[in-house]
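K.L.:
This is query_8.txt (compact mmCIF, C-alpha atoms and all ligand atoms).
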```txt
# COMPACT_ATOMS: atom_id res chain seq x y z
CA MET A 1 107.76 37.35 68.15
CA ILE A 2 109.24 39.52 70.89
CA PRO A 3 106.26 40.02 73.25
CA VAL A 4 105.25 43.41 74.64
CA ASN A 5 105.28 41.93 78.10
CA GLU A 6 105.88 38.79 80.13
CA PRO A 7 105.46 38.42 83.90
CA LEU A 8 108.43 37.20 85.92
CA LEU A 9 107.43 34.46 88.37
CA GLY A 10 109.62 32.01 90.23
CA GLU A 11 110.11 29.59 93.08
CA THR A 12 108.95 31.87 95.91
CA GLU A 13 105.69 32.56 94.07
CA ARG A 14 105.19 28.80 93.59
CA ARG A 15 105.98 28.04 97.24
CA LEU A 16 103.61 30.65 98.72
CA VAL A 17 100.73 29.77 96.39
CA ASP A 18 101.33 26.10 97.14
CA GLU A 19 101.10 26.88 100.84
CA CYS A 20 97.64 28.42 100.31
CA VAL A 21 96.48 25.32 98.47
CA THR A 22 97.86 22.99 101.13
CA SER A 23 96.40 24.98 104.01
CA GLY A 24 93.06 25.61 102.31
CA TRP A 25 93.28 29.41 102.71
CA VAL A 26 92.37 30.15 99.10
CA SER A 27 89.61 32.72 99.51
CA SER A 28 89.64 36.27 100.83
CA SER A 29 90.77 35.57 104.40
CA GLY A 30 94.31 34.58 105.22
CA ARG A 31 97.65 35.92 106.29
CA TYR A 32 98.91 36.91 102.86
CA ILE A 33 96.20 39.55 102.35
CA THR A 34 97.35 41.49 105.42
CA GLU A 35 101.01 40.85 104.65
CA PHE A 36 100.61 42.16 101.12
CA GLU A 37 98.58 45.19 102.22
CA GLU A 38 101.07 46.14 104.91
CA GLY A 39 104.09 45.45 102.71
CA TRP A 40 102.88 47.53 99.78
CA ALA A 41 101.64 50.40 101.97
CA ALA A 42 105.04 50.51 103.72
CA TYR A 43 106.91 50.43 100.39
CA CYS A 44 104.88 53.44 99.22
CA GLY A 45 105.19 55.24 102.55
CA ARG A 46 101.50 55.01 103.48
CA ARG A 47 99.67 53.92 106.63
CA TYR A 48 96.86 51.77 105.24
CA GLY A 49 96.51 49.42 102.29
CA VAL A 50 93.23 47.84 101.20
CA ALA A 51 93.67 45.08 98.64
CA VAL A 52 90.96 44.65 96.01
CA SER A 53 90.31 42.48 92.97
CA ASN A 54 91.86 44.75 90.30
CA GLY A 55 92.96 48.30 89.54
CA THR A 56 89.54 49.28 88.20
CA ALA A 57 87.97 48.12 91.48
CA ALA A 58 90.59 50.14 93.37
CA LEU A 59 89.51 53.30 91.52
CA GLU A 60 85.84 52.45 92.04
CA ALA A 61 86.36 51.97 95.80
CA ALA A 62 88.50 55.11 96.09
CA VAL A 63 85.98 57.38 94.37
CA ALA A 64 83.10 55.77 96.29
CA ALA A 65 84.92 56.52 99.55
CA LEU A 66 84.74 60.26 98.76
CA GLU A 67 80.93 60.10 99.10
CA LEU A 68 80.29 62.51 96.24
CA GLU A 69 76.86 63.98 95.49
CA PRO A 70 75.20 63.63 92.07
CA GLY A 71 76.59 66.33 89.81
CA ASP A 72 79.87 66.67 91.70
CA GLU A 73 82.80 66.80 89.30
CA VAL A 74 86.10 64.95 89.13
CA ILE A 75 88.87 66.25 86.87
CA LEU A 76 90.94 63.60 85.09
CA PRO A 77 93.07 63.23 81.96
CA THR A 78 91.35 62.21 78.72
CA PHE A 79 94.49 60.18 77.94
CA THR A 80 93.98 57.23 80.30
CA ILE A 81 92.19 53.91 80.61
CA ILE A 82 88.39 53.88 80.76
CA SER A 83 88.54 52.51 84.35
CA CYS A 84 89.04 56.09 85.57
CA VAL A 85 85.81 57.32 83.96
CA VAL A 86 83.90 54.20 85.03
CA ALA A 87 84.83 54.85 88.67
CA VAL A 88 83.58 58.44 88.51
CA LEU A 89 80.32 57.49 86.76
CA ASP A 90 79.66 54.61 89.19
CA ALA A 91 79.83 57.11 92.04
CA GLY A 92 77.16 59.22 90.32
CA ALA A 93 79.66 62.01 89.64
CA VAL A 94 80.62 63.81 86.45
CA PRO A 95 84.02 63.27 84.74
CA VAL A 96 85.66 66.46 83.46
CA LEU A 97 88.58 65.98 81.08
CA VAL A 98 91.92 67.70 80.56
CA ASP A 99 94.62 67.33 77.92
CA SER A 100 98.12 65.86 78.31
CA ASP A 101 101.55 67.39 78.60
CA PRO A 102 103.24 66.76 75.21
CA GLU A 103 106.43 65.43 76.81
CA THR A 104 105.36 63.33 79.80
CA TRP A 105 101.93 62.44 78.33
CA CYS A 106 100.52 62.92 81.85
CA LEU A 107 97.75 65.39 82.65
CA ASN A 108 98.66 69.04 82.24
CA PRO A 109 98.32 70.90 85.60
CA ASP A 110 97.56 74.23 83.86
CA ASP A 111 94.56 72.62 82.18
CA VAL A 112 93.40 71.29 85.54
CA ALA A 113 93.43 74.81 86.98
CA ALA A 114 91.34 76.04 84.04
CA ARG A 115 88.62 73.43 84.59
CA ILE A 116 88.07 73.85 88.33
CA GLY A 117 84.56 75.13 89.01
CA PRO A 118 82.00 75.30 91.82
CA ARG A 119 81.11 71.58 91.52
CA THR A 120 84.69 70.27 91.39
CA LYS A 121 85.33 67.88 94.30
CA ALA A 122 88.36 65.85 93.24
CA ILE A 123 91.29 65.56 90.85
CA MET A 124 92.47 62.21 89.51
CA PRO A 125 96.09 62.45 88.33
CA VAL A 126 97.24 59.35 86.43
CA HIS A 127 100.95 58.58 86.15
CA ILE A 128 101.29 57.53 82.53
CA TYR A 129 103.54 54.62 81.42
CA GLY A 130 105.64 54.92 84.59
CA HIS A 131 106.42 58.67 84.50
CA PRO A 132 105.06 60.70 87.43
CA VAL A 133 102.57 63.52 87.02
CA ASP A 134 103.99 66.90 88.07
CA MET A 135 102.25 66.58 91.43
CA ASP A 136 103.16 69.80 93.27
CA PRO A 137 100.93 72.12 91.19
CA VAL A 138 98.13 69.55 91.40
CA LEU A 139 98.48 69.28 95.19
CA GLU A 140 98.52 73.04 95.46
CA LEU A 141 95.31 73.36 93.45
CA ALA A 142 93.69 70.71 95.64
CA ASP A 143 94.80 72.56 98.74
CA THR A 144 93.59 75.96 97.51
CA HIS A 145 90.17 74.68 96.41
CA GLY A 146 89.61 72.03 99.11
CA LEU A 147 89.64 69.10 96.68
CA SER A 148 90.46 65.42 97.24
CA ILE A 149 93.10 63.63 95.18
CA VAL A 150 92.56 60.14 93.79
CA GLU A 151 96.02 59.27 92.53
CA ASP A 152 96.08 56.48 89.94
CA ALA A 153 99.51 54.87 90.25
CA ALA A 154 98.55 51.66 88.42
CA GLU A 155 101.45 52.07 86.00
CA ALA A 156 103.98 53.63 88.33
CA HIS A 157 105.07 51.05 90.91
CA GLY A 158 108.25 52.40 92.45
CA ALA A 159 108.35 55.64 90.42
CA GLU A 160 109.48 58.69 92.39
CA TYR A 161 108.64 62.39 92.33
CA LEU A 162 110.68 65.27 93.73
CA THR A 163 108.20 67.23 95.76
CA GLY A 164 108.92 70.79 96.96
CA ARG A 165 111.58 71.44 94.32
CA SER A 166 111.22 75.20 94.69
CA THR A 167 111.58 75.03 98.47
CA ALA A 168 114.58 74.64 100.77
CA SER A 169 113.74 71.00 101.48
CA PRO A 170 112.80 69.07 98.35
CA ALA A 171 112.20 65.34 98.89
CA TRP A 172 111.83 62.28 96.66
CA ARG A 173 108.64 60.37 97.36
CA ARG A 174 107.16 57.32 95.71
CA CYS A 175 104.11 57.53 93.49
CA GLY A 176 101.15 56.23 95.43
CA GLY A 177 102.22 58.51 98.28
CA PHE A 178 100.38 61.65 97.17
CA GLY A 179 96.65 60.99 97.01
CA THR A 180 93.98 61.37 99.63
CA LEU A 181 93.50 57.90 98.17
CA SER A 182 96.03 56.27 95.83
CA THR A 183 95.32 53.25 93.66
CA PHE A 184 97.33 50.47 92.04
CA SER A 185 96.77 47.62 89.60
CA PHE A 186 98.63 44.32 89.87
CA TYR A 187 97.56 42.98 86.48
CA ALA A 188 100.08 40.61 84.88
CA ASN A 189 101.79 43.34 82.85
CA LYS A 190 102.58 45.53 85.88
CA LEU A 191 105.99 45.74 87.64
CA ILE A 192 104.66 43.40 90.28
CA THR A 193 101.61 41.24 89.70
CA THR A 194 99.01 39.16 91.50
CA GLY A 195 97.51 37.93 88.21
CA GLU A 196 94.52 40.21 88.70
CA GLY A 197 94.57 42.52 91.68
CA GLY A 198 94.66 46.06 92.98
CA MET A 199 95.06 48.16 96.10
CA VAL A 200 94.00 51.48 97.56
CA LEU A 201 96.39 53.31 99.89
CA THR A 202 95.54 56.08 102.30
CA ASP A 203 96.78 57.62 105.55
CA ASP A 204 93.23 58.23 106.81
CA ALA A 205 91.91 55.54 109.17
CA ALA A 206 88.26 56.42 108.54
CA LEU A 207 88.69 56.21 104.75
CA ALA A 208 90.50 52.87 105.12
CA GLU A 209 87.56 51.54 107.15
CA ARG A 210 85.10 52.75 104.51
CA LEU A 211 87.16 51.06 101.78
CA ARG A 212 87.19 47.76 103.71
CA SER A 213 83.45 47.89 104.12
CA PHE A 214 82.87 48.81 100.45
CA ARG A 215 85.08 45.95 99.23
CA ASN A 216 83.09 43.50 101.36
CA LEU A 217 79.47 44.28 100.40
CA GLY A 218 79.09 46.79 103.22
CA PHE A 219 78.72 44.03 105.83
CA GLY A 220 78.17 45.68 109.22
CA GLN A 221 80.34 45.05 112.27
CA THR A 222 77.50 44.22 114.65
CA ARG A 223 75.31 41.72 112.80
CA ARG A 224 76.18 39.86 109.62
CA PHE A 225 73.77 40.50 106.72
CA PHE A 226 72.91 43.89 108.21
CA HIS A 227 73.95 46.75 105.93
CA GLU A 228 74.16 50.41 106.82
CA GLU A 229 76.30 51.15 103.75
CA MET A 230 76.16 49.96 100.16
CA GLY A 231 79.16 47.94 99.05
CA ARG A 232 80.45 45.61 96.35
CA ASN A 233 82.35 42.37 96.36
CA LEU A 234 85.82 43.58 95.35
CA ARG A 235 87.83 41.15 97.47
CA LEU A 236 91.27 39.87 96.55
CA THR A 237 92.01 36.23 97.35
CA ASN A 238 94.73 34.97 99.68
CA LEU A 239 96.03 32.98 96.68
CA GLN A 240 96.53 36.21 94.74
CA ALA A 241 97.97 38.01 97.75
CA ALA A 242 100.49 35.17 98.18
CA LEU A 243 101.75 35.96 94.68
CA GLY A 244 101.89 39.62 95.68
CA VAL A 245 103.97 38.93 98.80
CA ALA A 246 106.47 36.97 96.71
CA GLN A 247 106.50 39.64 93.99
CA LEU A 248 107.14 42.36 96.54
CA GLN A 249 110.61 40.90 96.99
CA ARG A 250 111.27 41.62 93.31
CA ILE A 251 110.22 45.26 93.17
CA ASP A 252 113.72 46.77 93.32
CA ALA A 253 114.96 44.40 90.62
CA ALA A 254 111.90 45.19 88.47
CA VAL A 255 112.49 48.95 88.73
CA ALA A 256 116.18 48.48 87.91
CA HIS A 257 115.36 46.30 84.90
CA LYS A 258 112.93 48.85 83.47
CA ARG A 259 115.41 51.69 83.90
CA TRP A 260 118.17 49.62 82.28
CA MET A 261 115.81 48.81 79.39
CA ALA A 262 114.98 52.50 78.91
CA GLU A 263 118.64 53.44 78.86
CA LEU A 264 119.41 50.86 76.17
CA TYR A 265 116.41 51.82 74.04
CA GLY A 266 117.40 55.47 74.46
CA GLU A 267 120.95 54.84 73.24
CA ARG A 268 119.81 52.84 70.25
CA LEU A 269 116.89 54.99 69.13
CA ARG A 270 118.00 58.54 69.81
CA ASP A 271 119.28 59.08 66.27
CA LEU A 272 115.95 58.27 64.65
CA PRO A 273 114.47 61.75 64.08
CA ALA A 274 111.00 60.39 63.37
CA LEU A 275 110.65 59.12 66.95
CA GLN A 276 109.84 61.05 70.10
CA LEU A 277 111.22 58.99 73.00
CA PRO A 278 110.01 59.00 76.62
CA VAL A 279 111.39 61.83 78.74
CA GLU A 280 112.44 61.81 82.35
CA GLN A 281 111.92 65.23 83.86
CA PRO A 282 114.53 66.40 86.40
CA TRP A 283 111.89 66.08 89.12
CA ALA A 284 111.00 62.52 88.15
CA ARG A 285 112.41 59.00 88.40
CA SER A 286 110.37 57.09 85.87
CA VAL A 287 110.00 53.32 85.94
CA TYR A 288 109.24 53.15 82.18
CA TRP A 289 106.40 50.69 82.82
CA MET A 290 106.03 50.60 79.04
CA TYR A 291 108.56 52.14 76.67
CA GLY A 292 106.36 54.41 74.56
CA VAL A 293 107.39 56.18 71.38
CA VAL A 294 105.51 58.80 69.36
CA LEU A 295 106.01 58.95 65.62
CA ALA A 296 106.37 62.40 64.04
CA GLU A 297 103.37 63.26 61.89
CA GLU A 298 105.81 64.38 59.16
CA SER A 299 106.95 60.77 58.81
CA GLY A 300 103.74 60.18 56.85
CA MET A 301 103.06 57.06 58.91
CA ASP A 302 100.82 56.53 61.93
CA ALA A 303 101.26 54.14 64.84
CA GLU A 304 98.96 51.53 63.35
CA ALA A 305 101.04 51.34 60.17
CA LEU A 306 104.28 51.25 62.16
CA SER A 307 102.91 48.50 64.38
CA GLY A 308 102.06 46.41 61.30
CA ARG A 309 105.55 46.86 59.87
CA LEU A 310 107.18 45.94 63.19
CA ARG A 311 105.02 42.84 63.44
CA GLU A 312 106.51 41.71 60.09
CA HIS A 313 109.89 41.98 61.83
CA GLY A 314 108.75 39.86 64.78
CA VAL A 315 108.19 42.77 67.16
CA GLU A 316 104.92 43.02 69.06
CA THR A 317 103.64 46.49 70.05
CA ARG A 318 100.54 48.02 71.63
CA PRO A 319 98.82 51.26 70.65
CA PHE A 320 98.65 54.18 73.10
CA PHE A 321 95.42 54.96 74.92
CA LEU A 322 92.63 56.53 72.89
CA GLY A 323 91.26 59.60 74.71
CA MET A 324 88.06 59.26 76.70
CA HIS A 325 86.51 62.01 74.58
CA GLU A 326 86.88 59.75 71.51
CA GLN A 327 84.97 56.78 72.95
CA PRO A 328 81.59 55.91 71.39
CA ALA A 329 80.48 54.15 74.60
CA LEU A 330 80.86 57.46 76.47
CA HIS A 331 79.33 59.57 73.68
CA ARG A 332 76.22 57.40 73.99
CA LEU A 333 76.00 58.46 77.63
CA GLY A 334 75.96 62.07 76.48
CA LEU A 335 79.55 62.69 77.56
CA PHE A 336 82.30 64.74 75.92
CA ALA A 337 80.43 65.46 72.65
CA GLY A 338 82.38 67.91 70.51
CA GLU A 339 85.30 68.14 72.96
CA SER A 340 88.81 68.21 71.54
CA TYR A 341 92.19 67.63 73.20
CA PRO A 342 94.90 68.04 70.56
CA VAL A 343 97.86 66.51 72.42
CA ALA A 344 95.93 63.40 73.45
CA GLU A 345 94.55 63.05 69.92
CA ARG A 346 97.98 63.25 68.32
CA ILE A 347 99.71 60.83 70.67
CA ALA A 348 96.79 58.40 70.44
CA ARG A 349 97.29 58.24 66.70
CA GLN A 350 101.07 58.42 66.56
CA GLY A 351 102.06 56.56 69.74
CA LEU A 352 102.74 52.92 70.53
CA TYR A 353 104.78 51.04 73.04
CA LEU A 354 107.59 48.62 72.39
CA PRO A 355 108.40 45.30 74.09
CA SER A 356 109.04 46.28 77.71
CA GLY A 357 108.73 43.11 79.76
CA LEU A 358 110.73 42.05 82.76
CA THR A 359 112.33 39.21 80.79
CA LEU A 360 113.44 41.40 77.88
CA THR A 361 117.10 40.87 76.95
CA GLU A 362 119.69 43.17 75.42
CA ALA A 363 119.68 41.04 72.25
CA GLN A 364 115.91 41.55 71.95
CA ILE A 365 116.27 45.29 72.46
CA ASP A 366 118.87 45.29 69.67
CA ARG A 367 116.45 43.44 67.39
CA VAL A 368 113.64 45.90 68.15
CA ALA A 369 115.96 48.86 67.48
CA ALA A 370 117.21 47.30 64.22
CA ALA A 371 113.61 46.73 63.08
CA LEU A 372 112.69 50.36 63.82
CA GLU A 373 115.80 51.58 62.02
CA GLU A 374 114.93 49.54 58.96
CA VAL A 375 111.28 50.63 58.87
CA LEU A 376 111.96 54.34 59.52
CA ARG A 377 115.09 55.05 57.48
C1 LIG B 401 96.33 53.89 84.55
C2 LIG B 401 95.53 52.67 84.81
N1 LIG B 401 94.55 52.72 85.73
C3 LIG B 401 93.79 51.66 86.01
C4 LIG B 401 93.98 50.44 85.39
C5 LIG B 401 93.06 49.32 85.67
O1 LIG B 401 93.67 48.22 86.25
P1 LIG B 401 93.06 46.76 86.08
O2 LIG B 401 93.38 46.31 84.70
O3 LIG B 401 93.79 45.96 87.12
O4 LIG B 401 91.60 46.84 86.34
C6 LIG B 401 95.00 50.32 84.44
C7 LIG B 401 95.23 49.04 83.78
O5 LIG B 401 96.23 48.69 83.27
C8 LIG B 401 95.79 51.46 84.14
O6 LIG B 401 96.76 51.41 83.21
```
Kindly transcribe the structure held in the file into C-alpha cells.
Ligand SMILES: Cc1ncc(COP(=O)(O)O)c(C=O)c1O

P.N.:
Amino acid sequence: MIPVNEPLLGETERRLVDECVTSGWVSSSGRYITEFEEGWAAYCGRRYGVAVSNGTAALEAAVAALELEPGDEVILPTFTIISCVVAVLDAGAVPVLVDSDPETWCLNPDDVAARIGPRTKAIMPVHIYGHPVDMDPVLELADTHGLSIVEDAAEAHGAEYLTGRSTASPAWRRCGGFGTLSTFSFYANKLITTGEGGMVLTDDAALAERLRSFRNLGFGQTRRFFHEEMGRNLRLTNLQAALGVAQLQRIDAAVAHKRWMAELYGERLRDLPALQLPVEQPWARSVYWMYGVVLAEESGMDAEALSGRLREHGVETRPFFLGMHEQPALHRLGLFAGESYPVAERIARQGLYLPSGLTLTEAQIDRVAAALEEVLR
C-alpha cells in the first residue's frame, strides 16, 4: 500500500532527542523550546513564537488571547478541521461560517464580507492543503472593520502569498506572516513535525506574553500558584522541540519535494477529465501539503467509491474535510442548523487526497496515476 503520508526523520533528529534524554531536559524547559520558537518565527518573518502542544492548542491559545466577550463572533470557513470551531467555542464566542472558493478550496473573501456584522470581532482564514487564502481582501476587511485575524497556517508551512498585487510594490510573504496571531500544527503529517506540536506567532509583545501565560496555567510572575489569569497546560516538551529544531533544517527540502510531487501528479493526471486538480493562483506559491483531487459529479462516482477502488490498487487516500455545518456534534450544540454551503458540500463528497508524503517516489506517483487512469477511464 502506498501510504498517504510518512514523516521524514533522520540522524540529526536522533542526535538532538538523544541529547535531551542524556541531559535529562525532557519536559517543558530547555534550550530547544526557545531555539525552535525563535527559528520558526524567523522563518515566517515574525517577532515572537510560542510553542504549544498541538495545532488545536495553538488555535485555542490564539483565540483566548483576543479576550472576546460572550456573543462575539468569529468568521471562519465551514471547510476546515473542527479544531477551529472548538477554539472559538472554548473562548465563549460564536463561530460564523462561510463557503469555499471552488478552485482553491479556501474561504471565499466575498462571503466573509457578507457575514460581517456588529458582533464580528475576528476572521480566521485557513490555508487549505497548502494553498494560501487570498489574504489581501481579508486583511482589508479586517482593517476597515477593526477585526483581528487568527491565521491558521497548520497546513501551509513555507507557502507564500503575493501581497499588494494591485499596488506598485507587491511582495511575497510566507503564510503565518499575516495574522494578528498565526497558528501552526507540527503533527506527523505536516511538512515539518514534532510528533505532536504547534505554535502561535505574533509581532505583538503583549499578546506573546498572554500566550505564554495561557499555555502555562496562567502562573503569575510574582508568586507561584498565584493566578490573575485563567490558563491551560498547553506546553510543548523540550524532547518535541528538539525534533522541531532538527526538522527546521529540512523545511526547504520539504517544500521542494511537495512542489516536485505536484508537478509530476499534474503532468500525469491532467488528461483525466473527471478530475479537478489543485490550482496554484498567480498570487500563490502552494506547498501542496496534500495533493487533493475533486471528482466531477458527472462521473457518477463519489470520493468514497473512488477511495475504495484505489485501495484495491494499493493506493491509500483520505477524504476531504466535511463542513462544520454538517457535523452532528455541533448541531447538538444548536449550531449551524439548516445552513448550506454548496461548494464545501460538493468538495466534501467528491474530494480526496492522494499519497503526498515526503518519502513518495516517482515510481509511486506513476503507480497512483496508473491506478486512477484505470479506475476512471
Ligand atoms: C487546518 C488545520 N488546523 C488545525 C489543525 C490541528 O492541528 P493538530 O492536529 O496538531 O491539533 C489541523 C490538523 O491537521 C489542520 O489541518

K.L.:
Neighbours of ligand LIG 401 (chain B) within 9 Å, counting all atoms listed in the file, as a ChimeraX atom specification?

P.N.:
/A:53-59,80-84,126-129,152-156,183-190,195-198

K.L.:
For Arg174 in chain A, list every protein, DNA or RNA residue within 8 Å, evaluated using all atoms listed in the file, and leave out those in the same chain fewer than 6 positions away; present the list as a PyMOL selection string.

P.N.:
chain A and resi 44-45+158-161

K.L.:
Would you mind listing, for every residue of range 341-369 of chain A within 12 Å of range 307-311 of chain A, the two atoms forming the shortest contact and the distance between them in Å to one decimal, using only C-alpha atoms, sorted by chain and ascending residue number, as a Markdown table?

P.N.:
```
| residue | atom | partner | partner_atom | distance |
| --- | --- | --- | --- | --- |
| A:Arg349 | CA | A:Ser307 | CA | 11.5 |
| A:Gln350 | CA | A:Ser307 | CA | 10.3 |
| A:Gly351 | CA | A:Ser307 | CA | 9.7 |
| A:Leu352 | CA | A:Ser307 | CA | 7.6 |
| A:Tyr353 | CA | A:Ser307 | CA | 9.2 |
| A:Leu354 | CA | A:Ser307 | CA | 9.3 |
| A:Pro355 | CA | A:Leu310 | CA | 11.0 |
| A:Arg367 | CA | A:Leu310 | CA | 10.5 |
| A:Val368 | CA | A:Leu310 | CA | 8.1 |
| A:Ala369 | CA | A:Leu310 | CA | 10.2 |
```

K.L.:
Using all atoms listed in the file, find the one residue out of A:Thr180, A:Thr163, A:Ser286, A:Asn233 that sits nearest to Leu217 in chain A.

P.N.:
A:Asn233

K.L.:
For a test of reading the model, state the distance in Å between CA of Cys175 in chain A and CA of Ala61 in chain A, rounded to one decimal.

P.N.:
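Straight-line distance from CA of Cys175 in chain A to CA of Ala61 in chain A works out to 18.7 Å.
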
K.L.:
Record the distance separating CA of Pro132 in chain A and CA of Gln281 in chain A, expressed in Å with one decimal.

P.N.:
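Value for the CA of Pro132 in chain A-CA of Gln281 in chain A distance: 9.0 Å.
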
K.L.:
Could you state the separation of CA of Ile192 in chain A and CA of Arg173 in chain A in Å, given to one decimal place?

P.N.:
18.8 Å

K.L.:
For Arg268 in chain A, which residue among A:Trp25, A:Ile365, A:Tyr291, A:Gly130 is the nearest when counting all atoms listed in the file?

P.N.:
A:Ile365

K.L.:
Could you check which of A:Asp366, A:Asp90, A:Glu37, A:Glu6 is closest to Val245 in chain A, using only C-alpha atoms?

P.N.:
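Once distances to Val245 in chain A are computed over only C-alpha atoms, the minimum belongs to A:Glu37.
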
K.L.:
I'd like to know which of A:Arg270, A:Met261, A:Leu191, A:Asp204 is closest to Trp289 in chain A, using all atoms listed in the file.

P.N.:
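The answer is A:Leu191, which sits nearest to Trp289 in chain A.
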
K.L.:
Check the smallest atom-to-atom distance from each of A:Glu312, A:Ala344, A:Glu373, A:Ala113 to Ala274 in chain A using only C-alpha atoms, then report the winner.

P.N.:
A:Glu373

K.L.:
Find, counting only C-alpha atoms, the residue in A:Ala246, A:Ala329, A:Leu181, A:Glu67 that gets nearest to Ala208 in chain A.

P.N.:
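When distances to Ala208 in chain A are compared using only C-alpha atoms, the smallest one comes from A:Leu181.
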
K.L.:
Take the point (103.7, 63.5, 75.1) as written in the file and pick out every residue within 12 Å of it, counting all atoms listed in the file; give the list as a ChimeraX atom specification.

P.N.:
/A:79,99-108,128-129,131,133,275-280,292-296,320-321,342-352

K.L.:
Mind checking which residues fall within 9 Å of range 115-122 of chain A, counting all atoms listed in the file, ignoring those fewer than 6 positions away in the same chain, and posting them as a list in words?

P.N.:
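Near neighbours after the sequence-gap exclusion: Val63, Leu66, Leu68, Gly71, Asp72, Glu73, Val74, Ile75, Leu76, Val96, Leu97, Val98, Leu141, Ala142, His145, Gly146, Leu147, Ser148, Ile149 and Val150 of chain A.
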
K.L.:
Excluding range 49-52 of chain A and residues on its chain fewer than 6 positions from it, collect all residues at most 6 Å away from it, counting only C-alpha atoms, and give them as a list in words.

P.N.:
Glu37, Ala41, Gly198, Met199, Val200, Leu201, Leu234, Arg235 and Leu236 of chain A

K.L.:
I need the chosen residues saved as a PDB file, in the frame of the given file, with C-alpha atoms.

P.N.:
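This went into result.pdb:
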```pdb
ATOM      1  CA  GLU A  37      98.580  45.190 102.220  1.00  0.00           C
ATOM      2  CA  ALA A  41     101.640  50.400 101.970  1.00  0.00           C
ATOM      3  CA  GLY A 198      94.660  46.060  92.980  1.00  0.00           C
ATOM      4  CA  MET A 199      95.060  48.160  96.100  1.00  0.00           C
ATOM      5  CA  VAL A 200      94.000  51.480  97.560  1.00  0.00           C
ATOM      6  CA  LEU A 201      96.390  53.310  99.890  1.00  0.00           C
ATOM      7  CA  LEU A 234      85.820  43.580  95.350  1.00  0.00           C
ATOM      8  CA  ARG A 235      87.830  41.150  97.470  1.00  0.00           C
ATOM      9  CA  LEU A 236      91.270  39.870  96.550  1.00  0.00           C
TER      10      LEU A 236
END
```

K.L.:
Around all the atoms of range 117-128 of chain A listed in the file, with 8 Å of room on each side, what axis-aligned box do you get, giving centre and edge lengths in Å to one decimal, as lines of an AutoDock Vina configuration file?

P.N.:
```
center_x = 91.2
center_y = 66.4
center_z = 88.4
size_x = 36.2
size_y = 33.8
size_z = 27.8
```

K.L.:
Within 12 Å of Gly220 in chain A, counting all atoms listed in the file, which residues show up once you throw out same-chain ones fewer than 6 positions away? Write them as a short mmCIF file (atom, residue, chain, number, x, y, z; two decimals) with C-alpha atoms, keeping the file's coordinate frame, please.

P.N.:
```cif
data_model
loop_
_atom_site.label_atom_id
_atom_site.label_comp_id
_atom_site.auth_asym_id
_atom_site.auth_seq_id
_atom_site.Cartn_x
_atom_site.Cartn_y
_atom_site.Cartn_z
CA GLU A 209 87.56 51.54 107.15
CA ARG A 210 85.10 52.75 104.51
CA ARG A 212 87.19 47.76 103.71
CA SER A 213 83.45 47.89 104.12
CA PHE A 214 82.87 48.81 100.45
CA PHE A 226 72.91 43.89 108.21
CA HIS A 227 73.95 46.75 105.93
CA GLU A 228 74.16 50.41 106.82
CA GLU A 229 76.30 51.15 103.75
CA MET A 230 76.16 49.96 100.16
CA GLY A 231 79.16 47.94 99.05
#
```

K.L.:
Please provide as an MDAnalysis selection string all residues within 8 Å of Arg259 in chain A, with the sequence filter that same-chain residues fewer than 3 positions apart are discarded (counting only C-alpha atoms).

P.N.:
chainID A and resid 255:256 262:263 286:288

K.L.:
For range 10-48 of chain A in the structure I just supplied, write out C-alpha atoms - as a short mmCIF file (atom, residue, chain, number, x, y, z; two decimals), in the first residue's frame.

P.N.:
```
data_model
loop_
_atom_site.label_atom_id
_atom_site.label_comp_id
_atom_site.auth_asym_id
_atom_site.auth_seq_id
_atom_site.Cartn_x
_atom_site.Cartn_y
_atom_site.Cartn_z
CA GLY A 10 16.99 11.13 10.34
CA GLU A 11 20.27 11.30 12.20
CA THR A 12 20.01 14.92 13.38
CA GLU A 13 16.59 14.22 14.89
CA ARG A 14 18.01 11.16 16.67
CA ARG A 15 21.04 13.08 17.95
CA LEU A 16 19.09 16.04 19.37
CA VAL A 17 16.45 13.87 21.02
CA ASP A 18 19.22 11.68 22.43
CA GLU A 19 20.84 14.77 23.87
CA CYS A 20 17.61 15.61 25.75
CA VAL A 21 17.48 12.10 27.19
CA THR A 22 21.13 12.19 28.23
CA SER A 23 20.88 15.64 29.79
CA GLY A 24 17.52 15.00 31.45
CA TRP A 25 15.85 18.04 29.83
CA VAL A 26 12.78 16.14 28.69
CA SER A 27 9.97 18.35 29.98
CA SER A 28 8.87 21.84 29.02
CA SER A 29 12.03 23.74 29.96
CA GLY A 30 15.19 23.51 27.91
CA ARG A 31 17.12 25.17 25.15
CA TYR A 32 15.33 23.52 22.25
CA ILE A 33 11.98 25.16 23.06
CA THR A 34 13.45 28.64 22.65
CA GLU A 35 15.55 27.59 19.68
CA PHE A 36 12.52 26.14 17.92
CA GLU A 37 10.32 29.15 18.73
CA GLU A 38 12.91 31.63 17.51
CA GLY A 39 13.80 29.56 14.45
CA TRP A 40 10.23 29.11 13.26
CA ALA A 41 9.23 32.72 13.98
CA ALA A 42 12.26 33.93 11.98
CA TYR A 43 11.47 31.57 9.09
CA CYS A 44 7.95 33.01 8.92
CA GLY A 45 9.13 36.60 9.36
CA ARG A 46 7.57 37.13 12.79
CA ARG A 47 8.90 38.51 16.07
CA TYR A 48 7.53 36.05 18.62
#
```
